[in-house]
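Trainee: Contents of model22.cif (mmCIF, N, CA and C atoms) are below:
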```cif
data_final
loop_
_atom_site.label_atom_id
_atom_site.label_comp_id
_atom_site.auth_asym_id
_atom_site.auth_seq_id
_atom_site.Cartn_x
_atom_site.Cartn_y
_atom_site.Cartn_z
N MET V 9 0.83 -1.19 0.00
CA MET V 9 0.00 0.00 0.00
C MET V 9 0.87 1.26 0.00
N ILE V 10 1.91 1.26 0.81
CA ILE V 10 2.80 2.43 0.86
C ILE V 10 3.44 2.64 -0.50
N ASP V 11 3.78 1.55 -1.19
CA ASP V 11 4.35 1.66 -2.54
C ASP V 11 3.38 2.36 -3.48
N ARG V 12 2.08 2.04 -3.36
CA ARG V 12 1.08 2.68 -4.22
C ARG V 12 0.97 4.17 -3.91
N ILE V 13 1.03 4.52 -2.63
CA ILE V 13 0.97 5.93 -2.25
C ILE V 13 2.19 6.66 -2.81
N GLN V 14 3.36 6.06 -2.68
CA GLN V 14 4.58 6.69 -3.18
C GLN V 14 4.54 6.84 -4.70
N ALA V 15 3.88 5.92 -5.40
CA ALA V 15 3.78 6.02 -6.85
C ALA V 15 2.92 7.21 -7.27
N LYS V 16 1.91 7.56 -6.45
CA LYS V 16 1.01 8.68 -6.76
C LYS V 16 1.56 10.02 -6.30
N LYS V 17 2.27 10.02 -5.20
CA LYS V 17 2.74 11.25 -4.57
C LYS V 17 4.25 11.20 -4.41
N PHE V 18 4.87 12.38 -4.47
CA PHE V 18 6.30 12.43 -4.19
C PHE V 18 6.48 12.29 -2.68
N CYS V 19 7.21 11.27 -2.26
CA CYS V 19 7.44 11.03 -0.84
C CYS V 19 8.93 10.80 -0.58
N SER V 20 9.37 11.24 0.59
CA SER V 20 10.76 10.98 0.98
C SER V 20 10.81 10.88 2.50
N PRO V 21 11.72 10.05 3.02
CA PRO V 21 11.82 9.92 4.48
C PRO V 21 12.48 11.14 5.11
N ASP V 22 12.03 11.48 6.32
CA ASP V 22 12.70 12.56 7.05
C ASP V 22 13.81 11.95 7.92
N ASN V 23 14.43 12.74 8.77
CA ASN V 23 15.55 12.26 9.59
C ASN V 23 15.16 11.12 10.54
N SER V 24 13.89 11.06 10.95
CA SER V 24 13.45 10.02 11.88
C SER V 24 12.97 8.77 11.16
N GLY V 25 12.91 8.81 9.82
CA GLY V 25 12.45 7.65 9.07
C GLY V 25 10.99 7.70 8.67
N LEU V 26 10.25 8.71 9.15
CA LEU V 26 8.86 8.85 8.73
C LEU V 26 8.81 9.35 7.30
N LEU V 27 7.80 8.93 6.58
CA LEU V 27 7.66 9.30 5.19
C LEU V 27 6.89 10.61 5.07
N LEU V 28 7.47 11.61 4.39
CA LEU V 28 6.81 12.89 4.12
C LEU V 28 6.40 12.91 2.66
N CYS V 29 5.14 13.27 2.40
CA CYS V 29 4.61 13.23 1.04
C CYS V 29 3.94 14.54 0.68
N ASP V 30 3.95 14.87 -0.62
CA ASP V 30 3.19 16.01 -1.10
C ASP V 30 1.71 15.73 -0.87
N CYS V 31 0.98 16.74 -0.38
CA CYS V 31 -0.45 16.57 -0.16
C CYS V 31 -1.10 17.94 0.00
N THR V 32 -2.43 17.93 -0.04
CA THR V 32 -3.17 19.18 0.16
C THR V 32 -3.53 19.37 1.63
N ASP V 33 -3.94 18.29 2.29
CA ASP V 33 -4.26 18.27 3.72
C ASP V 33 -4.46 16.82 4.14
N ILE V 34 -4.91 16.59 5.38
CA ILE V 34 -5.05 15.20 5.85
C ILE V 34 -6.23 14.47 5.22
N ASN V 35 -7.07 15.17 4.48
CA ASN V 35 -8.18 14.52 3.78
C ASN V 35 -7.90 14.36 2.29
N ASP V 36 -6.65 14.48 1.88
CA ASP V 36 -6.25 14.36 0.48
C ASP V 36 -6.75 13.01 -0.06
N PRO V 37 -7.57 13.03 -1.12
CA PRO V 37 -8.15 11.79 -1.64
C PRO V 37 -7.13 10.82 -2.26
N ASP V 38 -5.91 11.27 -2.52
CA ASP V 38 -4.90 10.36 -3.06
C ASP V 38 -4.36 9.40 -2.01
N PHE V 39 -4.71 9.62 -0.75
CA PHE V 39 -4.28 8.73 0.32
C PHE V 39 -5.49 7.87 0.70
N PRO V 40 -5.46 6.59 0.38
CA PRO V 40 -6.63 5.72 0.54
C PRO V 40 -6.85 5.24 1.98
N THR V 41 -8.02 4.67 2.20
CA THR V 41 -8.26 3.93 3.44
C THR V 41 -7.37 2.70 3.41
N ILE V 42 -6.71 2.43 4.51
CA ILE V 42 -5.82 1.28 4.59
C ILE V 42 -6.47 0.21 5.46
N ALA V 43 -6.50 -1.02 4.95
CA ALA V 43 -7.06 -2.15 5.68
C ALA V 43 -5.93 -2.97 6.28
N LEU V 44 -6.08 -3.31 7.54
CA LEU V 44 -5.09 -4.12 8.24
C LEU V 44 -5.77 -5.37 8.77
N LEU V 45 -5.23 -6.52 8.45
CA LEU V 45 -5.73 -7.78 8.98
C LEU V 45 -4.84 -8.16 10.15
N LEU V 46 -5.40 -8.10 11.35
CA LEU V 46 -4.63 -8.35 12.57
C LEU V 46 -5.23 -9.50 13.36
N GLY V 47 -4.40 -10.18 14.10
CA GLY V 47 -4.87 -11.24 14.98
C GLY V 47 -3.99 -12.46 14.90
N SER V 48 -4.46 -13.50 15.53
CA SER V 48 -3.74 -14.77 15.54
C SER V 48 -4.34 -15.69 14.49
N SER V 49 -3.80 -16.88 14.35
CA SER V 49 -4.35 -17.83 13.39
C SER V 49 -5.75 -18.27 13.78
N LYS V 50 -6.10 -18.13 15.06
CA LYS V 50 -7.43 -18.53 15.55
C LYS V 50 -8.48 -17.44 15.35
N SER V 51 -8.05 -16.19 15.35
CA SER V 51 -9.00 -15.08 15.30
C SER V 51 -8.38 -13.88 14.61
N GLN V 52 -8.86 -13.59 13.40
CA GLN V 52 -8.35 -12.45 12.65
C GLN V 52 -9.47 -11.45 12.40
N HIS V 53 -9.12 -10.17 12.40
CA HIS V 53 -10.11 -9.11 12.22
C HIS V 53 -9.53 -8.01 11.34
N TRP V 54 -10.41 -7.38 10.56
CA TRP V 54 -10.02 -6.26 9.71
C TRP V 54 -10.16 -4.96 10.49
N PHE V 55 -9.17 -4.11 10.35
CA PHE V 55 -9.19 -2.77 10.94
C PHE V 55 -8.87 -1.78 9.82
N TYR V 56 -9.49 -0.61 9.88
CA TYR V 56 -9.36 0.38 8.80
C TYR V 56 -8.84 1.70 9.34
N LEU V 57 -7.91 2.27 8.60
CA LEU V 57 -7.42 3.61 8.92
C LEU V 57 -7.68 4.50 7.71
N LYS V 58 -8.46 5.55 7.93
CA LYS V 58 -8.70 6.52 6.86
C LYS V 58 -7.49 7.45 6.78
N ASN V 59 -7.41 8.19 5.68
CA ASN V 59 -6.26 9.08 5.48
C ASN V 59 -6.07 10.04 6.66
N ARG V 60 -7.13 10.58 7.18
CA ARG V 60 -7.00 11.52 8.30
C ARG V 60 -6.52 10.84 9.59
N ASP V 61 -6.64 9.48 9.64
CA ASP V 61 -6.16 8.74 10.81
C ASP V 61 -4.64 8.58 10.80
N TYR V 62 -4.06 8.42 9.60
CA TYR V 62 -2.62 8.11 9.55
C TYR V 62 -1.76 9.23 8.97
N LEU V 63 -2.38 10.39 8.66
CA LEU V 63 -1.62 11.52 8.13
C LEU V 63 -1.56 12.66 9.13
N SER V 64 -0.47 13.38 9.09
CA SER V 64 -0.32 14.61 9.86
C SER V 64 0.20 15.67 8.88
N TYR V 65 -0.46 16.83 8.83
CA TYR V 65 -0.07 17.88 7.89
C TYR V 65 0.83 18.89 8.57
N SER V 66 1.95 19.18 7.93
CA SER V 66 2.88 20.20 8.43
C SER V 66 2.69 21.47 7.61
N THR V 67 2.24 22.53 8.26
CA THR V 67 2.03 23.79 7.54
C THR V 67 3.37 24.41 7.15
N THR V 68 4.41 24.18 7.94
CA THR V 68 5.72 24.76 7.61
C THR V 68 6.35 24.06 6.41
N LYS V 69 6.23 22.74 6.35
CA LYS V 69 6.81 21.99 5.23
C LYS V 69 5.84 21.81 4.08
N GLN V 70 4.53 22.07 4.35
CA GLN V 70 3.45 21.85 3.38
C GLN V 70 3.51 20.43 2.82
N LYS V 71 3.63 19.49 3.73
CA LYS V 71 3.66 18.06 3.39
C LYS V 71 2.90 17.29 4.45
N CYS V 72 2.50 16.08 4.07
CA CYS V 72 1.86 15.17 5.01
C CYS V 72 2.86 14.12 5.45
N GLY V 73 2.87 13.84 6.73
CA GLY V 73 3.69 12.76 7.26
C GLY V 73 2.82 11.53 7.45
N ILE V 74 3.30 10.38 6.99
CA ILE V 74 2.61 9.12 7.24
C ILE V 74 3.06 8.65 8.61
N LEU V 75 2.11 8.49 9.54
CA LEU V 75 2.44 8.32 10.94
C LEU V 75 2.63 6.87 11.39
N PHE V 76 2.86 5.97 10.49
CA PHE V 76 3.28 4.63 10.87
C PHE V 76 4.41 4.25 9.94
N LYS V 77 5.22 3.28 10.36
CA LYS V 77 6.35 2.95 9.52
C LYS V 77 6.77 1.50 9.70
N GLU V 78 7.53 1.05 8.74
CA GLU V 78 8.07 -0.30 8.76
C GLU V 78 9.44 -0.26 9.44
N GLU V 79 9.68 -1.22 10.31
CA GLU V 79 10.97 -1.37 10.97
C GLU V 79 11.49 -2.77 10.69
N LEU V 80 12.77 -2.87 10.50
CA LEU V 80 13.37 -4.19 10.31
C LEU V 80 13.82 -4.71 11.66
N SER V 81 13.54 -5.99 11.90
CA SER V 81 13.98 -6.62 13.14
C SER V 81 14.69 -7.92 12.79
N SER V 82 15.19 -8.60 13.79
CA SER V 82 15.89 -9.86 13.53
C SER V 82 14.96 -10.93 12.99
N THR V 83 13.65 -10.77 13.20
CA THR V 83 12.69 -11.75 12.69
C THR V 83 12.03 -11.30 11.39
N GLY V 84 12.42 -10.16 10.86
CA GLY V 84 11.84 -9.65 9.61
C GLY V 84 11.25 -8.27 9.80
N ALA V 85 10.47 -7.85 8.82
CA ALA V 85 9.87 -6.52 8.87
C ALA V 85 8.65 -6.53 9.79
N ILE V 86 8.51 -5.46 10.57
CA ILE V 86 7.33 -5.26 11.40
C ILE V 86 6.82 -3.84 11.14
N TRP V 87 5.53 -3.64 11.38
CA TRP V 87 4.93 -2.32 11.21
C TRP V 87 4.62 -1.74 12.57
N ILE V 88 5.05 -0.50 12.77
CA ILE V 88 4.73 0.23 14.00
C ILE V 88 3.52 1.10 13.68
N LEU V 89 2.37 0.75 14.26
CA LEU V 89 1.13 1.47 13.99
C LEU V 89 0.95 2.63 14.96
N GLY V 90 1.29 2.43 16.22
CA GLY V 90 1.33 3.49 17.21
C GLY V 90 0.08 4.32 17.39
N ASP V 91 0.31 5.62 17.64
CA ASP V 91 -0.78 6.55 17.95
C ASP V 91 -1.87 6.60 16.90
N PRO V 92 -1.56 6.61 15.59
CA PRO V 92 -2.65 6.68 14.61
C PRO V 92 -3.67 5.56 14.79
N PHE V 93 -3.19 4.36 15.04
CA PHE V 93 -4.09 3.23 15.24
C PHE V 93 -4.86 3.37 16.54
N LEU V 94 -4.16 3.74 17.61
CA LEU V 94 -4.82 3.84 18.91
C LEU V 94 -5.81 5.01 18.98
N ARG V 95 -5.63 6.03 18.15
CA ARG V 95 -6.61 7.12 18.09
C ARG V 95 -7.86 6.71 17.32
N ALA V 96 -7.72 5.78 16.39
CA ALA V 96 -8.85 5.35 15.56
C ALA V 96 -9.70 4.28 16.24
N TYR V 97 -9.16 3.61 17.26
CA TYR V 97 -9.87 2.53 17.94
C TYR V 97 -9.74 2.69 19.45
N TYR V 98 -10.84 2.41 20.14
CA TYR V 98 -10.76 2.33 21.60
C TYR V 98 -10.04 1.04 21.93
N SER V 99 -9.14 1.09 22.87
CA SER V 99 -8.42 -0.12 23.28
C SER V 99 -8.78 -0.44 24.73
N ILE V 100 -9.05 -1.72 24.97
CA ILE V 100 -9.41 -2.20 26.29
C ILE V 100 -8.39 -3.27 26.67
N TYR V 101 -7.72 -3.08 27.78
CA TYR V 101 -6.66 -4.00 28.20
C TYR V 101 -7.15 -4.86 29.35
N ASP V 102 -7.20 -6.16 29.14
CA ASP V 102 -7.60 -7.13 30.15
C ASP V 102 -6.33 -7.82 30.63
N MET V 103 -5.77 -7.30 31.71
CA MET V 103 -4.49 -7.82 32.21
C MET V 103 -4.63 -9.23 32.79
N GLU V 104 -5.75 -9.52 33.42
CA GLU V 104 -5.94 -10.85 34.01
C GLU V 104 -5.96 -11.94 32.95
N GLU V 105 -6.65 -11.69 31.84
CA GLU V 105 -6.76 -12.69 30.77
C GLU V 105 -5.69 -12.52 29.69
N LYS V 106 -4.84 -11.50 29.87
CA LYS V 106 -3.76 -11.21 28.93
C LYS V 106 -4.29 -11.06 27.50
N ARG V 107 -5.21 -10.11 27.34
CA ARG V 107 -5.78 -9.85 26.01
C ARG V 107 -6.12 -8.37 25.87
N ILE V 108 -6.27 -7.98 24.62
CA ILE V 108 -6.61 -6.60 24.29
C ILE V 108 -7.86 -6.62 23.43
N GLY V 109 -8.80 -5.75 23.74
CA GLY V 109 -10.00 -5.60 22.93
C GLY V 109 -9.92 -4.28 22.18
N LEU V 110 -10.37 -4.27 20.93
CA LEU V 110 -10.37 -3.05 20.13
C LEU V 110 -11.77 -2.81 19.57
N VAL V 111 -12.23 -1.57 19.69
CA VAL V 111 -13.55 -1.21 19.22
C VAL V 111 -13.42 0.06 18.39
N GLY V 112 -14.05 0.06 17.21
CA GLY V 112 -14.01 1.25 16.36
C GLY V 112 -14.69 2.43 17.01
N ILE V 113 -14.21 3.62 16.69
CA ILE V 113 -14.85 4.83 17.22
C ILE V 113 -16.16 5.07 16.50
N ALA V 114 -16.89 6.10 16.88
CA ALA V 114 -18.26 6.32 16.43
C ALA V 114 -18.44 6.20 14.91
N GLU V 115 -17.56 6.79 14.13
CA GLU V 115 -17.71 6.72 12.69
C GLU V 115 -17.11 5.42 12.17
N THR V 116 -17.88 4.69 11.39
CA THR V 116 -17.39 3.43 10.83
C THR V 116 -17.38 3.52 9.30
N VAL V 117 -16.62 2.64 8.69
CA VAL V 117 -16.54 2.59 7.24
C VAL V 117 -17.76 1.85 6.72
N ARG V 118 -18.43 2.39 5.69
CA ARG V 118 -19.60 1.72 5.12
C ARG V 118 -19.22 0.33 4.62
N GLN V 119 -20.18 -0.58 4.63
CA GLN V 119 -19.93 -1.97 4.25
C GLN V 119 -19.33 -2.10 2.85
N GLU V 120 -19.83 -1.32 1.87
CA GLU V 120 -19.32 -1.43 0.51
C GLU V 120 -17.84 -1.05 0.45
N THR V 121 -17.49 0.02 1.12
CA THR V 121 -16.10 0.47 1.14
C THR V 121 -15.23 -0.57 1.85
N ALA V 122 -15.70 -1.04 2.98
CA ALA V 122 -14.95 -2.03 3.75
C ALA V 122 -14.72 -3.29 2.91
N ARG V 123 -15.76 -3.75 2.23
CA ARG V 123 -15.64 -4.96 1.41
C ARG V 123 -14.62 -4.75 0.29
N GLN V 124 -14.67 -3.59 -0.38
CA GLN V 124 -13.73 -3.31 -1.47
C GLN V 124 -12.30 -3.22 -0.97
N VAL V 125 -12.09 -2.57 0.17
CA VAL V 125 -10.75 -2.46 0.73
C VAL V 125 -10.23 -3.85 1.10
N GLU V 126 -11.09 -4.69 1.67
CA GLU V 126 -10.68 -6.06 2.02
C GLU V 126 -10.27 -6.83 0.76
N GLU V 127 -11.08 -6.71 -0.30
CA GLU V 127 -10.75 -7.42 -1.54
C GLU V 127 -9.44 -6.93 -2.12
N ASP V 128 -9.22 -5.61 -2.15
CA ASP V 128 -7.98 -5.06 -2.67
C ASP V 128 -6.78 -5.53 -1.86
N THR V 129 -6.93 -5.53 -0.53
CA THR V 129 -5.84 -5.94 0.34
C THR V 129 -5.56 -7.43 0.16
N THR V 130 -6.62 -8.25 0.08
CA THR V 130 -6.45 -9.68 -0.13
C THR V 130 -5.76 -9.96 -1.45
N ASP V 131 -6.16 -9.23 -2.51
CA ASP V 131 -5.51 -9.38 -3.81
C ASP V 131 -4.03 -9.05 -3.72
N ASN V 132 -3.71 -7.98 -3.01
CA ASN V 132 -2.30 -7.58 -2.85
C ASN V 132 -1.52 -8.62 -2.07
N LEU V 133 -2.12 -9.18 -1.02
CA LEU V 133 -1.45 -10.22 -0.25
C LEU V 133 -1.19 -11.46 -1.09
N GLU V 134 -2.18 -11.83 -1.92
CA GLU V 134 -2.01 -13.00 -2.79
C GLU V 134 -0.89 -12.77 -3.79
N GLU V 135 -0.78 -11.55 -4.31
CA GLU V 135 0.31 -11.22 -5.24
C GLU V 135 1.66 -11.34 -4.55
N LEU V 136 1.74 -10.85 -3.32
CA LEU V 136 3.00 -10.88 -2.59
C LEU V 136 3.44 -12.30 -2.26
N MET V 137 2.47 -13.19 -2.08
CA MET V 137 2.78 -14.56 -1.67
C MET V 137 3.15 -15.44 -2.84
N LYS V 138 3.01 -14.96 -4.06
CA LYS V 138 3.35 -15.77 -5.24
C LYS V 138 4.83 -15.95 -5.36
#
```
Can the structure from this file be put into structure tokens for me?
Mentor:
Amino acid sequence: MIDRIQAKKFCSPDNSGLLLCDCTDINDPDFPTIALLLGSSKSQHWFYLKNRDYLSYSTTKQKCGILFKEELSSTGAIWILGDPFLRAYYSIYDMEEKRIGLVGIAETVRQETARQVEEDTTDNLEELMK
């Protein structure tokens, strides 16, 4: 998905490794809703981040920063979702049962949009696994 965004917009990493891209504001339509499939092999769920969830606009630089990034670790690439994800979902921590619950905030993605994003993401995953 990040590759597709970079293909549409001029983007470059800043000193901290965050990606800065040309944009009009955090609602720039060239930045799509991103679907994330998270969970274990027993229970997987789709989560959605709209452009305004994962972008931050800098008036001084007149660019948008993508607020999550890929990090390389000894076990491979991992994604740091951080604040953008936690702002888009209520998180409930059950320390006794060692689990986390996530609930979408008041505004939800319409079913048609959600279904299309899931299909696009699934298609991309299938391509990557070939």
Trainee: Nearest residue to Ile74 (chain V) out of V:Ile34, V:Ile13, V:Leu28, V:Leu45, using only C-alpha atoms?
Mentor: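 Distance minimum relative to Ile74 (chain V) lands on V:Leu28.
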Trainee: In terms of the shortest atom-to-atom distance over only C-alpha atoms, which of V:Ser49, V:Ser24, V:Thr83, V:Thr32 is closest to Lys69 (chain V)?
Mentor: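 Smallest distance to Lys69 (chain V) is found for V:Thr32.
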Trainee: Running the PyMOL selection byres ((chain V and resi 43) around 5) on this model by hand, what would come out? Give it as an NGL selection string.
Mentor: :V and (41-42 or 44-45 or 55-56)
Trainee: Take the residues from that selection and write them out as a CSV table (one decimal), keeping the file's coordinate frame, keeping N, CA and C atoms.
Mentor:
```
chain,number,residue,atom,x,y,z
V,41,THR,N,-8.0,4.7,2.2
V,41,THR,CA,-8.3,3.9,3.4
V,41,THR,C,-7.4,2.7,3.4
V,42,ILE,N,-6.7,2.4,4.5
V,42,ILE,CA,-5.8,1.3,4.6
V,42,ILE,C,-6.5,0.2,5.5
V,44,LEU,N,-6.1,-3.3,7.5
V,44,LEU,CA,-5.1,-4.1,8.2
V,44,LEU,C,-5.8,-5.4,8.8
V,45,LEU,N,-5.2,-6.5,8.4
V,45,LEU,CA,-5.7,-7.8,9.0
V,45,LEU,C,-4.8,-8.2,10.2
V,55,PHE,N,-9.2,-4.1,10.4
V,55,PHE,CA,-9.2,-2.8,10.9
V,55,PHE,C,-8.9,-1.8,9.8
V,56,TYR,N,-9.5,-0.6,9.9
V,56,TYR,CA,-9.4,0.4,8.8
V,56,TYR,C,-8.8,1.7,9.3
```
Trainee: Go through the shown structure with the PyMOL selection byres (((chain V and resi 97 and name CA) around 8) and name CA) and write out the matching residues as JSON, numbers by chain.
Mentor: {"V": [93, 94, 95, 96, 98, 99, 110, 111, 112, 113]}
Trainee: Using all atoms listed in the file for the distances, tell me which of V:Cys19, V:Leu89, V:Cys29, V:Met103 is nearest to Gly73 (chain V).
Mentor: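 Using all atoms listed in the file, the shortest distance to Gly73 (chain V) belongs to V:Cys29.
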Trainee: When the PyMOL selection byres ((chain V and resi 61) around 6.5) is applied to the file above, which residues end up in the set, as a PyMOL selection string?
Mentor: chain V and resi 57-60+62-63+92-93+96
Trainee: Just give me the gap between CA of Leu26 (chain V) and CA of Ile88 (chain V) in Å, one decimal is fine.
Mentor: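 These two atoms are separated by 10.9 Å.
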Trainee: Please put the answer as JSON: centre and edge lengths, in Å with one decimal, of a box along x, y and z that encloses all listed atoms of region 26-45 of chain V plus 3 Å on each side.
Mentor:
```
{"center_x": 1.0, "center_y": 5.6, "center_z": 3.5, "size_x": 24.5, "size_y": 33.5, "size_z": 19.2}
```
Trainee: Could you check how far CA of Ser66 (chain V) sits from CA of Leu27 (chain V), in Å to one decimal?
Mentor: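 CA of Ser66 (chain V) sits 12.3 Å away from CA of Leu27 (chain V).
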Trainee: Give me, please, the distance in Å between CA of Gly25 (chain V) and atom N of Trp54 (chain V), quoted to one decimal.
Mentor: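 Atom-to-atom, CA of Gly25 (chain V) and atom N of Trp54 (chain V) are spaced 27.4 Å apart.
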Trainee: DSSP on the backbone: what in region 12-117 of chain V comes out strand (DSSP E or B), as a PyMOL selection string?
Mentor: chain V and resi 19-21+27-30+42-47+52-57+63-66+71-74+77-81+84-88+97-102+107-112
